[in-house]
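Okay, coords.cif now, which holds mmCIF, C-alpha atoms:
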```cif
data_structure
#
loop_
_atom_site.label_atom_id
_atom_site.label_comp_id
_atom_site.auth_asym_id
_atom_site.auth_seq_id
_atom_site.Cartn_x
_atom_site.Cartn_y
_atom_site.Cartn_z
CA MET A 1 -23.14 -82.44 20.16
CA ALA A 2 -22.09 -84.13 16.94
CA ARG A 3 -25.75 -84.30 15.99
CA PHE A 4 -26.09 -80.53 16.50
CA GLU A 5 -23.00 -79.84 14.41
CA THR A 6 -24.44 -82.02 11.71
CA LEU A 7 -27.72 -80.14 11.88
CA VAL A 8 -25.94 -76.77 11.61
CA ARG A 9 -23.89 -77.99 8.71
CA THR A 10 -27.03 -79.29 6.99
CA TYR A 11 -29.12 -76.12 7.50
CA LYS A 12 -26.24 -73.63 7.41
CA ASN A 13 -27.92 -71.30 4.92
CA ALA A 14 -31.18 -71.24 6.83
CA PHE A 15 -29.37 -70.39 10.07
CA ILE A 16 -27.51 -67.52 8.38
CA SER A 17 -30.77 -66.19 6.95
CA VAL A 18 -32.55 -66.38 10.30
CA ALA A 19 -29.60 -64.66 12.02
CA LEU A 20 -29.72 -61.89 9.41
CA ILE A 21 -33.46 -61.50 9.85
CA ILE A 22 -33.06 -61.28 13.63
CA PHE A 23 -30.30 -58.73 13.16
CA CYS A 24 -32.50 -56.66 10.85
CA VAL A 25 -35.44 -56.78 13.25
CA MET A 26 -33.18 -55.78 16.15
CA ALA A 27 -31.67 -52.99 14.06
CA ALA A 28 -35.16 -51.76 13.18
CA PHE A 29 -36.28 -51.73 16.80
CA PHE A 30 -33.15 -50.34 18.40
CA ALA A 31 -31.70 -48.11 15.69
CA ILE A 32 -34.00 -47.35 12.78
CA ILE A 33 -37.17 -46.52 14.75
CA PRO A 34 -35.44 -44.30 17.38
CA ALA A 35 -33.43 -42.62 14.63
CA ALA A 36 -36.58 -42.04 12.59
CA ARG A 37 -38.27 -40.60 15.68
CA LYS A 38 -35.30 -38.30 16.29
CA THR A 39 -35.28 -37.25 12.64
CA ILE A 40 -38.99 -36.45 12.71
CA GLU A 41 -38.41 -34.38 15.86
CA ALA A 42 -35.48 -32.65 14.17
CA PHE A 43 -37.65 -31.79 11.17
CA GLY A 44 -40.35 -30.48 13.54
CA GLU A 45 -37.72 -28.33 15.21
CA LEU A 46 -36.48 -27.24 11.80
CA LYS A 47 -39.99 -26.18 10.83
CA ARG A 48 -40.36 -24.21 14.09
CA MET A 49 -36.96 -22.62 13.58
CA ASN A 50 -37.89 -21.70 10.02
CA GLU A 51 -41.09 -20.04 11.21
CA GLN A 52 -39.16 -18.26 13.95
CA THR A 53 -36.55 -17.07 11.49
CA SER A 54 -39.24 -15.85 9.16
CA ILE A 55 -40.94 -13.96 12.05
CA LEU A 56 -37.64 -12.46 13.13
CA GLN A 57 -36.72 -11.52 9.57
CA LYS A 58 -40.13 -9.94 9.03
CA LYS A 59 -39.83 -8.10 12.34
CA LEU A 60 -36.37 -6.83 11.44
CA ASP A 61 -37.52 -5.78 7.96
CA THR A 62 -40.46 -3.91 9.48
CA LEU A 63 -38.26 -2.22 12.07
CA GLN A 64 -35.71 -1.25 9.43
CA SER A 65 -38.44 0.17 7.22
CA LEU A 66 -39.68 2.42 10.01
CA SER A 67 -38.30 5.86 10.54
CA GLU A 68 -37.41 6.58 14.15
CA ASP A 69 -38.08 10.29 13.64
CA THR A 70 -41.57 9.62 12.27
CA LEU A 71 -42.32 7.25 15.14
CA ARG A 72 -41.12 9.83 17.66
CA HIS A 73 -43.19 12.55 16.00
CA ASP A 74 -46.33 10.38 15.87
CA LEU A 75 -45.88 9.23 19.46
CA SER A 76 -45.36 12.81 20.52
CA THR A 77 -48.64 13.73 18.79
CA VAL A 78 -50.54 10.92 20.45
CA LEU A 79 -48.90 11.68 23.81
CA SER A 80 -50.06 15.26 23.52
CA ALA A 81 -53.59 13.85 23.25
CA VAL A 82 -53.26 11.17 25.93
CA PRO A 83 -50.22 11.90 28.12
CA PHE A 84 -48.30 9.28 30.05
CA ASP A 85 -49.07 10.95 33.38
CA ARG A 86 -51.89 13.09 34.76
CA SER A 87 -50.21 16.26 33.53
CA PHE A 88 -52.47 18.61 35.46
CA ALA A 89 -50.62 21.57 34.00
CA THR A 90 -51.57 20.74 30.41
CA LEU A 91 -55.07 19.85 31.57
CA PHE A 92 -55.65 23.25 33.14
CA GLU A 93 -53.83 25.07 30.36
CA THR A 94 -56.02 23.36 27.81
CA VAL A 95 -59.26 24.29 29.59
CA GLU A 96 -58.05 27.85 30.12
CA GLY A 97 -56.97 28.04 26.50
CA ILE A 98 -60.38 26.85 25.30
CA ALA A 99 -62.04 29.43 27.58
CA ASN A 100 -59.82 32.18 26.14
CA ARG A 101 -60.51 31.13 22.57
CA THR A 102 -64.26 30.97 23.06
CA GLY A 103 -64.60 34.09 25.23
CA VAL A 104 -65.98 32.51 28.39
CA SER A 105 -64.77 32.96 31.95
CA ILE A 106 -63.80 30.13 34.23
CA THR A 107 -65.13 30.79 37.71
CA ASP A 108 -64.07 27.52 39.29
CA MET A 109 -62.01 24.50 38.39
CA SER A 110 -61.50 21.55 40.71
CA ILE A 111 -60.14 18.05 40.47
CA SER A 112 -62.38 15.38 41.88
CA GLY A 113 -61.78 11.73 42.60
CA SER A 114 -59.31 10.03 44.89
CA ALA A 115 -55.71 8.87 44.59
CA THR A 116 -54.67 11.98 42.71
CA LEU A 117 -51.27 11.86 44.39
CA ALA A 118 -50.57 8.22 43.57
CA THR A 119 -48.20 7.52 40.73
CA PRO A 120 -50.07 6.85 37.48
CA SER A 121 -49.17 3.17 37.46
CA ALA A 122 -50.11 2.76 41.14
CA SER A 123 -53.52 4.34 40.87
CA LYS A 124 -56.34 1.86 40.57
CA LEU A 125 -58.64 1.86 37.60
CA SER A 126 -62.12 3.07 38.44
CA ALA A 127 -65.21 1.40 37.03
CA THR A 128 -65.43 4.17 34.43
CA ASP A 129 -61.77 3.70 33.53
CA LYS A 130 -62.30 -0.04 33.08
CA LYS A 131 -65.30 0.62 30.89
CA LEU A 132 -63.42 3.17 28.80
CA GLY A 133 -60.22 1.10 28.73
CA THR A 134 -58.05 4.02 29.85
CA ARG A 135 -57.31 6.05 32.97
CA THR A 136 -59.14 9.30 33.53
CA ILE A 137 -58.80 12.39 35.68
CA PRO A 138 -62.27 13.55 36.64
CA PHE A 139 -62.52 17.32 37.14
CA SER A 140 -65.16 20.03 37.21
CA VAL A 141 -65.24 23.44 35.63
CA ALA A 142 -67.68 26.28 36.21
CA VAL A 143 -67.91 28.65 33.28
CA THR A 144 -69.90 31.83 32.60
CA GLY A 145 -70.38 33.70 29.40
CA PRO A 146 -72.81 34.50 26.63
CA LEU A 147 -74.70 31.48 25.29
CA PRO A 148 -72.96 31.43 21.86
CA SER A 149 -69.58 31.39 23.63
CA ILE A 150 -70.75 28.62 25.97
CA GLU A 151 -71.88 26.70 22.89
CA GLN A 152 -68.45 27.18 21.32
CA PHE A 153 -66.79 26.08 24.56
CA ILE A 154 -68.86 22.89 24.71
CA THR A 155 -68.16 22.27 21.01
CA LEU A 156 -64.42 22.82 21.30
CA VAL A 157 -63.79 20.77 24.47
CA PRO A 158 -63.99 17.34 22.79
CA GLY A 159 -62.15 18.65 19.73
CA VAL A 160 -58.79 19.65 21.20
CA ARG A 161 -55.72 17.46 21.15
CA ARG A 162 -55.46 17.03 24.93
CA LEU A 163 -58.42 14.69 24.78
CA LEU A 164 -61.26 15.59 27.13
CA ARG A 165 -64.66 14.08 27.61
CA ILE A 166 -67.71 15.95 28.88
CA ARG A 167 -69.36 13.59 31.33
CA VAL A 168 -72.13 15.73 32.74
CA PHE A 169 -73.09 19.37 32.42
CA SER A 170 -75.71 21.66 33.71
CA ILE A 171 -76.60 25.09 32.31
CA THR A 172 -78.56 27.61 34.31
CA PHE A 173 -80.19 30.42 32.37
CA PRO A 174 -80.78 33.46 34.59
CA LYS A 175 -84.12 35.27 34.22
CA SER A 176 -82.41 38.61 33.83
CA GLU A 177 -79.94 39.43 31.08
CA ARG A 178 -77.38 36.79 30.25
CA PRO A 179 -74.46 35.64 30.82
CA VAL A 180 -75.24 32.05 31.23
CA SER A 181 -73.40 29.87 33.73
CA ILE A 182 -72.56 26.25 33.18
CA MET A 183 -71.10 23.56 35.42
CA ILE A 184 -69.29 20.83 33.55
CA ASP A 185 -67.88 17.54 34.82
CA LEU A 186 -65.10 16.42 32.53
CA ASP A 187 -62.62 13.58 32.20
CA GLY A 188 -59.06 14.06 31.04
CA PHE A 189 -57.37 10.95 29.68
CA TYR A 190 -53.92 9.61 30.51
CA GLU A 191 -52.16 6.26 30.47
CA PRO A 192 -48.66 5.26 31.62
CA LEU A 193 -46.27 4.12 28.91
CA PRO A 194 -45.55 0.40 28.60
CA THR A 195 -42.39 -0.56 30.48
CA ASN A 196 -41.34 -3.61 28.50
CA ILE A 197 -41.35 -4.70 24.91
CA GLY A 198 -41.66 -8.44 25.38
CA ALA A 199 -39.51 -11.15 23.89
CA VAL A 200 -37.46 -10.72 20.75
CA LYS A 201 -39.55 -13.47 19.16
CA ALA A 202 -42.80 -11.66 19.97
CA THR A 203 -44.69 -10.54 16.91
CA LEU A 204 -44.41 -6.85 16.19
CA PRO A 205 -47.71 -4.98 16.18
CA THR A 206 -48.41 -2.89 13.13
CA LEU A 207 -50.19 0.39 12.76
CA SER A 208 -53.56 -0.34 11.21
CA GLU A 209 -55.44 2.00 8.92
CA ALA A 210 -57.65 2.94 11.88
CA ASP A 211 -54.53 3.84 13.90
CA THR A 212 -53.19 5.98 11.07
CA ASN A 213 -56.58 7.70 10.79
CA VAL A 214 -56.56 8.42 14.53
CA ILE A 215 -53.09 9.97 14.28
CA ALA A 216 -54.18 12.06 11.28
CA ARG A 217 -57.29 13.16 13.20
CA LEU A 218 -55.22 14.10 16.25
CA VAL A 219 -52.79 16.11 14.10
CA GLU A 220 -55.73 18.15 12.81
CA MET A 221 -56.98 18.89 16.33
CA PRO A 222 -55.83 22.21 17.77
CA LEU A 223 -53.19 21.95 20.46
CA ILE A 224 -54.09 24.42 23.17
CA ALA A 225 -51.41 23.65 25.77
CA GLU A 226 -48.20 24.52 23.92
CA ARG A 227 -45.88 22.77 26.33
CA VAL A 228 -46.80 19.37 24.98
CA GLU A 229 -45.99 20.29 21.40
CA GLY A 230 -42.96 19.22 19.41
CA GLY A 231 -42.19 16.18 21.50
CA GLN A 232 -40.66 18.25 24.29
CA SER A 233 -42.68 16.33 26.82
CA LEU A 234 -41.74 12.99 25.28
CA PRO A 235 -39.77 11.09 27.89
CA PRO A 236 -36.53 9.41 26.89
CA PRO A 237 -37.36 5.82 25.95
CA LEU A 238 -36.73 3.49 28.90
CA ILE A 239 -37.34 0.40 26.88
CA GLY A 240 -34.20 -1.59 26.28
CA LYS A 241 -32.16 0.57 28.67
CA VAL A 242 -31.32 0.24 32.32
CA LYS A 243 -31.82 3.36 34.39
CA GLU A 244 -28.68 4.34 36.30
CA ASP A 245 -30.73 5.72 39.16
CA PRO A 246 -33.89 3.64 39.60
CA PHE A 247 -35.35 6.32 41.90
CA ALA A 248 -34.87 9.10 39.41
CA PRO A 249 -38.13 10.34 37.88
CA MET B 250 -4.74 -102.18 -8.66
CA SER B 251 -7.57 -99.86 -7.92
CA THR B 252 -8.64 -99.16 -4.35
CA LEU B 253 -12.21 -98.65 -3.18
CA GLU B 254 -12.69 -95.83 -0.62
CA ILE B 255 -15.53 -96.34 1.79
CA ASN B 256 -16.58 -93.36 4.07
CA LEU B 257 -18.88 -94.48 6.81
CA ILE B 258 -19.32 -91.02 8.40
CA GLN B 259 -22.62 -89.39 7.40
CA GLY B 260 -21.75 -86.08 5.69
CA ASP B 261 -25.12 -84.35 6.02
CA ALA B 262 -28.17 -85.02 8.10
CA LYS B 263 -31.09 -86.19 6.13
CA ARG B 264 -32.78 -83.09 4.71
CA PHE B 265 -36.51 -82.68 5.04
CA ALA B 266 -38.41 -82.45 1.84
CA GLY B 267 -39.05 -78.85 0.62
CA ILE B 268 -36.51 -77.40 3.02
CA THR B 269 -34.52 -75.97 0.11
CA LYS B 270 -37.46 -73.86 -0.94
CA ILE B 271 -37.86 -72.50 2.62
CA GLU B 272 -34.13 -71.79 2.80
CA GLU B 273 -34.28 -69.86 -0.44
CA ASN B 274 -37.23 -67.80 0.77
CA LEU B 275 -35.55 -67.11 4.11
CA SER B 276 -32.38 -66.08 2.34
CA ARG B 277 -34.31 -63.74 0.00
CA LEU B 278 -36.18 -62.25 2.95
CA ALA B 279 -32.97 -61.77 4.92
CA TRP B 280 -31.25 -59.96 2.06
CA ILE B 281 -34.28 -57.79 1.40
CA LEU B 282 -34.48 -56.89 5.07
CA LEU B 283 -30.76 -56.20 5.24
CA ALA B 284 -30.92 -53.97 2.18
CA SER B 285 -33.94 -52.18 3.59
CA VAL B 286 -32.23 -51.61 6.94
CA PHE B 287 -29.17 -50.30 5.13
CA VAL B 288 -31.15 -47.99 2.83
CA LEU B 289 -33.36 -46.77 5.67
CA GLY B 290 -30.34 -46.26 7.91
CA VAL B 291 -28.51 -44.26 5.29
CA GLY B 292 -31.68 -42.30 4.39
CA ILE B 293 -32.63 -41.51 7.96
CA GLY B 294 -29.04 -40.69 8.86
CA SER B 295 -28.73 -38.33 5.92
CA ALA B 296 -32.06 -36.68 6.74
CA TYR B 297 -31.02 -36.25 10.37
CA MET B 298 -27.68 -34.78 9.33
CA TYR B 299 -29.45 -32.39 6.98
CA ALA B 300 -31.96 -31.35 9.66
CA SER B 301 -29.25 -30.92 12.30
CA GLN B 302 -27.10 -28.82 10.00
CA SER B 303 -30.08 -26.72 8.94
CA ILE B 304 -31.07 -26.18 12.58
CA ALA B 305 -27.53 -25.14 13.45
CA LYS B 306 -27.51 -22.75 10.49
CA LEU B 307 -30.91 -21.30 11.43
CA GLU B 308 -29.83 -20.96 15.06
CA SER B 309 -26.90 -18.83 14.03
CA THR B 310 -29.18 -16.84 11.70
CA ASN B 311 -31.66 -16.32 14.52
CA VAL B 312 -28.92 -15.18 16.87
CA ALA B 313 -27.81 -12.63 14.29
CA LEU B 314 -31.41 -11.53 13.65
CA SER B 315 -32.10 -11.23 17.39
CA ARG B 316 -28.97 -9.12 17.76
CA ASP B 317 -30.11 -6.84 14.93
CA ILE B 318 -33.62 -6.61 16.42
CA ASN B 319 -32.19 -5.74 19.83
CA ALA B 320 -30.22 -2.98 18.16
CA GLN B 321 -33.58 -1.58 16.98
CA SER B 322 -35.21 -1.84 20.43
CA VAL B 323 -35.79 1.90 20.66
CA LYS B 324 -37.80 1.81 17.44
CA GLU B 325 -39.67 -1.25 18.69
CA GLY B 326 -40.47 0.50 21.96
CA LEU B 327 -41.68 3.58 20.12
CA LEU B 328 -43.85 1.49 17.81
CA LEU B 329 -45.36 -0.52 20.68
CA SER B 330 -46.08 2.65 22.63
CA LEU B 331 -47.55 4.29 19.55
CA VAL B 332 -49.84 1.36 18.70
CA GLU B 333 -51.00 1.03 22.31
CA ARG B 334 -51.56 4.77 22.72
CA THR B 335 -53.34 5.11 19.41
CA GLY B 336 -55.81 2.46 20.60
CA ILE B 337 -56.34 4.43 23.81
CA ALA B 338 -56.79 7.67 21.88
CA GLN B 339 -59.31 5.91 19.63
CA ARG B 340 -61.33 4.82 22.67
CA ALA B 341 -61.07 8.29 24.20
CA LEU B 342 -62.27 9.88 20.96
CA ALA B 343 -65.19 7.46 20.82
CA ALA B 344 -66.10 8.27 24.43
CA ALA B 345 -66.10 12.03 23.87
CA LYS B 346 -69.54 12.99 22.58
CA PRO B 347 -69.91 16.12 20.48
CA TRP B 348 -72.25 17.88 22.91
CA GLY B 349 -72.00 21.10 20.89
CA LYS B 350 -74.52 19.58 18.48
CA LEU B 351 -77.09 19.72 21.28
CA PHE B 352 -77.21 23.48 20.79
CA ARG B 353 -78.58 22.88 17.31
CA VAL B 354 -81.37 20.72 18.73
CA LEU B 355 -82.42 22.95 21.67
CA PRO B 356 -83.68 25.90 19.54
CA GLN B 357 -85.81 23.41 17.60
CA VAL B 358 -87.45 22.34 20.88
CA ALA B 359 -88.28 25.80 22.23
CA PRO B 360 -87.20 29.46 21.85
CA GLU B 361 -83.89 30.26 23.57
CA SER B 362 -85.53 32.71 25.99
CA SER B 363 -87.77 30.02 27.46
CA PHE B 364 -84.96 27.80 28.74
CA ARG B 365 -84.30 28.03 32.47
CA SER B 366 -81.93 25.10 32.80
CA VAL B 367 -80.46 22.31 30.75
CA SER B 368 -78.65 19.39 32.30
CA ILE B 369 -77.10 16.22 30.95
CA ASP B 370 -76.46 13.15 33.06
CA GLU B 371 -74.04 10.24 32.62
CA THR B 372 -76.56 8.34 30.51
CA SER B 373 -76.68 11.28 28.07
CA LEU B 374 -80.22 12.10 29.18
CA VAL B 375 -80.96 15.77 28.60
CA THR B 376 -83.36 17.30 31.12
CA THR B 377 -84.50 20.84 30.51
CA THR B 378 -86.82 23.19 32.38
CA LEU B 379 -88.75 25.65 30.27
CA GLU B 380 -90.84 28.71 31.15
CA LEU B 381 -93.43 29.34 28.49
CA GLY B 382 -95.96 32.11 28.04
CA SER B 383 -99.01 29.94 27.49
CA VAL B 384 -100.35 26.43 27.19
CA ASP B 385 -100.26 26.81 23.41
CA GLU B 386 -96.50 27.33 23.56
CA ALA B 387 -96.21 24.22 25.74
CA VAL B 388 -98.19 22.27 23.15
CA THR B 389 -95.84 23.59 20.46
CA VAL B 390 -92.85 22.36 22.49
CA VAL B 391 -94.38 18.88 22.75
CA THR B 392 -95.17 18.89 19.02
CA ASN B 393 -91.61 20.01 18.25
CA MET B 394 -90.17 17.20 20.36
CA MET B 395 -92.38 14.62 18.68
CA SER B 396 -91.36 15.77 15.22
CA LEU B 397 -87.67 15.80 16.26
CA ALA B 398 -88.10 12.24 17.49
CA ASN B 399 -89.61 11.33 14.12
CA GLU B 400 -86.67 12.99 12.37
CA LYS B 401 -84.29 10.89 14.52
CA GLU B 402 -82.78 13.97 16.11
CA LEU B 403 -83.71 12.69 19.57
CA ARG B 404 -85.29 9.68 21.21
CA SER B 405 -87.41 8.89 24.27
CA PRO B 406 -88.93 12.36 24.72
CA GLN B 407 -90.75 12.63 28.05
CA MET B 408 -92.64 15.33 29.90
CA LEU B 409 -91.50 15.11 33.52
CA SER B 410 -93.55 17.98 34.98
CA PHE B 411 -96.06 20.58 33.88
CA SER B 412 -97.39 23.46 35.98
CA LEU B 413 -99.76 26.20 34.95
CA LYS B 414 -99.35 29.44 36.90
CA GLU B 415 -101.88 32.16 37.73
CA ASP B 416 -100.61 34.42 34.95
CA GLU B 417 -101.29 31.55 32.49
CA SER B 418 -97.57 30.96 32.05
CA VAL B 419 -96.38 27.38 32.04
CA GLN B 420 -93.32 25.79 33.63
CA MET B 421 -92.53 22.38 32.23
CA THR B 422 -89.66 19.96 32.49
CA VAL B 423 -88.93 17.63 29.62
CA SER B 424 -86.24 15.04 28.97
CA PHE B 425 -84.87 13.29 25.91
CA HIS B 426 -81.83 11.52 24.58
CA PRO B 427 -80.26 13.52 21.73
CA LEU B 428 -78.95 11.43 18.84
CA LEU B 429 -75.54 13.07 18.40
#
```
Show me the file's structure as structure tokens.
Amino acid sequence: MARFETLVRTYKNAFISVALIIFCVMAAFFAIIPAARKTIEAFGELKRMNEQTSILQKKLDTLQSLSEDTLRHDLSTVLSAVPFDRSFATLFETVEGIANRTGVSITDMSISGSATLATPSASKLSATDKKLGTRTIPFSVAVTGPLPSIEQFITLVPGVRRLLRIRVFSITFPKSERPVSIMIDLDGFYEPLPTNIGAVKATLPTLSEADTNVIARLVEMPLIAERVEGGQSLPPPLIGKVKEDPFAP
Amino acid sequence: MSTLEINLIQGDAKRFAGITKIEENLSRLAWILLASVFVLGVGIGSAYMYASQSIAKLESTNVALSRDINAQSVKEGLLLSLVERTGIAQRALAAAKPWGKLFRVLPQVAPESSFRSVSIDETSLVTTTLELGSVDEAVTVVTNMMSLANEKELRSPQMLSFSLKEDESVQMTVSFHPLL
């Protein structure tokens, strides 16, 4: 024991130095390294938060720069072209309106396809719908009239704001004097509105130049069925609100 | 009378040669390490404090921004609906072919009075039946279709049927894809 005390007394400085070194090593392992790790994580989090803040700020700036009236008007225009439901009334009114404008007579008009009574969101997409990327209402129209009027009818159908697509048609020219009769298979387009807007942090989509051009093109198209004009058919926005009666239409 | 003091207890153990140098180095190393630990500790602590405070500040900013964005949810909904629907309208417009232009092509194929039927299928194939007064007129129709194909007005012209009647009139069915 006395020998040990003598040894400690002799190498006192060395012992203190070694103790300090051990302390420093322990501090590095148990304090500095974990703290550094935590700090790096905190800076990673800070970077993420900064990005998130910047996204949110940009989103808010964009939303504040938009005019709700303009958005409503533009959406109303686009909805008059592609409604949120089948809107058979506007479909028939549009076809009748085109017939009136072009001076042809509609002799028959029928809706084909199945699931016409299902709600728009419940109806399954057909192969054609999947290919087109939107839901369609297939229907047929039989029209008679002089050839120039039939020509005008065929020309006007894809050019009205309630967007229609001629899928198939067949013209029969009688041997005797005209009128000509034509059977046309058409598609009317519709698509339910989105029901949610996603997370607050979700990036806001922007209207591209192509989108703006489409809206401008739709505005120029004649609106035959008047009931869809002026946003009267625009449903109240459900997004962000809870319906009092979930069974109400 | 002076006294002589004799201490028989050994004060220090016998030191190994060169131990002083090692002690000095150990001491220097210990102080350097201690200073480093202190500096690193203070630096890391400060950085962590700064990061934590910044995160807390950003969190409160984000909460405020989220609240403001939620207040604009109607606008956001309108914009989302508009962007989505515009894309749909774009696809619908692309799918709708301007079939009216076909009526500019048909008179270039044959005179209007010779057409008996014109039909278009889902692949945009136009099939038309014509009644013509003579073989020469039928040849003219074929020539017209060939020249229209050369002018890129139509493609894949085909004669599907040809029948010559007793009165020398011709009934022929032709098909083509118009380039609208």
Quick one: everything within 10 Å of Val354 of chain B, counting all atoms listed in the file, minus sequence neighbours fewer than 5 positions away in the same chain. Send it as a short mmCIF file (atom, residue, chain, number, x, y, z; two decimals) with C-alpha atoms, keeping the file's coordinate frame.
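Wrote result07.cif, looks like this:
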```
data_model
loop_
_atom_site.label_atom_id
_atom_site.label_comp_id
_atom_site.auth_asym_id
_atom_site.auth_seq_id
_atom_site.Cartn_x
_atom_site.Cartn_y
_atom_site.Cartn_z
CA GLY B 349 -72.00 21.10 20.89
CA ALA B 359 -88.28 25.80 22.23
CA MET B 394 -90.17 17.20 20.36
CA LEU B 397 -87.67 15.80 16.26
CA GLU B 402 -82.78 13.97 16.11
CA LEU B 403 -83.71 12.69 19.57
CA PRO B 427 -80.26 13.52 21.73
CA LEU B 428 -78.95 11.43 18.84
CA LEU B 429 -75.54 13.07 18.40
#
```
Inset, instruction - Give as JSON, numbers by chain every residue of chain B that touches chain A within 7 Å, counting only C-alpha atoms. - result: {"B": [261, 262, 272, 275, 276, 279, 282, 283, 286, 290, 293, 296, 297, 300, 301, 304, 307, 311, 314, 315, 318, 321, 322, 323, 324, 325, 326, 327, 328, 329, 330, 331, 332, 334, 335, 336, 337, 338, 339, 340, 341, 344, 345, 347, 348, 349, 352, 364, 365, 366, 367, 368, 369, 370, 371]}
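Between atom CA of Glu417 of chain B and atom CA of Ser383 of chain B lies a distance of 5.7 Å.
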Inset, instruction - Taking the file as shown, find all residues satisfying the PyMOL selection byres ((chain B and resi 423) around 6) and write them as number ranges by chain. - result: B: 376-377, 407-409, 422, 424
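Atom CA of His426 of chain B is found 16.2 Å from atom CA of Thr392 of chain B.
Interatomic distance, atom CA of Asn319 of chain B against atom CA of Ser65 of chain A: 15.3 Å.
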Inset, instruction - Check the smallest atom-to-atom distance from each of B:Ser295, B:Asn274, B:Thr310, B:Ser363 to Ser176 of chain A using all atoms listed in the file, then report the winner. - result: B:Ser363
Inset, instruction - Specify as a list of chain:residue names each residue included when the PyMOL selection byres ((chain A and resi 97) around 12) is applied to this file. - result: A:Ala89, A:Thr90, A:Leu91, A:Phe92, A:Glu93, A:Thr94, A:Val95, A:Glu96, A:Ile98, A:Ala99, A:Asn100, A:Arg101, A:Thr102, A:Gly103, A:Val104, A:Ser105, A:Ile106, A:Phe153, A:Leu156, A:Val157, A:Val160, A:Arg161, A:Arg162, A:Pro222, A:Leu223, A:Ile224, A:Ala225, A:Glu226
Legend entry - Residue neighbourhood Val419 of chain B, 8 Å, all atoms listed in the file, exclusion window fewer than 3 positions, as a ChimeraX atom specification: /B:380-384,387,411-414
Would you save the residues of that selection, restricted to C-alpha atoms, as an mmCIF file, keeping the file's coordinate frame?
```cif
data_model
loop_
_atom_site.group_PDB
_atom_site.id
_atom_site.type_symbol
_atom_site.label_atom_id
_atom_site.label_comp_id
_atom_site.auth_asym_id
_atom_site.auth_seq_id
_atom_site.Cartn_x
_atom_site.Cartn_y
_atom_site.Cartn_z
ATOM 1 C CA GLU B 380 -90.840 28.710 31.150
ATOM 2 C CA LEU B 381 -93.430 29.340 28.490
ATOM 3 C CA GLY B 382 -95.960 32.110 28.040
ATOM 4 C CA SER B 383 -99.010 29.940 27.490
ATOM 5 C CA VAL B 384 -100.350 26.430 27.190
ATOM 6 C CA ALA B 387 -96.210 24.220 25.740
ATOM 7 C CA PHE B 411 -96.060 20.580 33.880
ATOM 8 C CA SER B 412 -97.390 23.460 35.980
ATOM 9 C CA LEU B 413 -99.760 26.200 34.950
ATOM 10 C CA LYS B 414 -99.350 29.440 36.900
#
```
Legend entry - Nearest to Asp85 of chain A, chosen from A:Ala2, A:Val219, A:Met109, A:Ile137, with all atoms listed in the file counted in the distances: A:Ile137
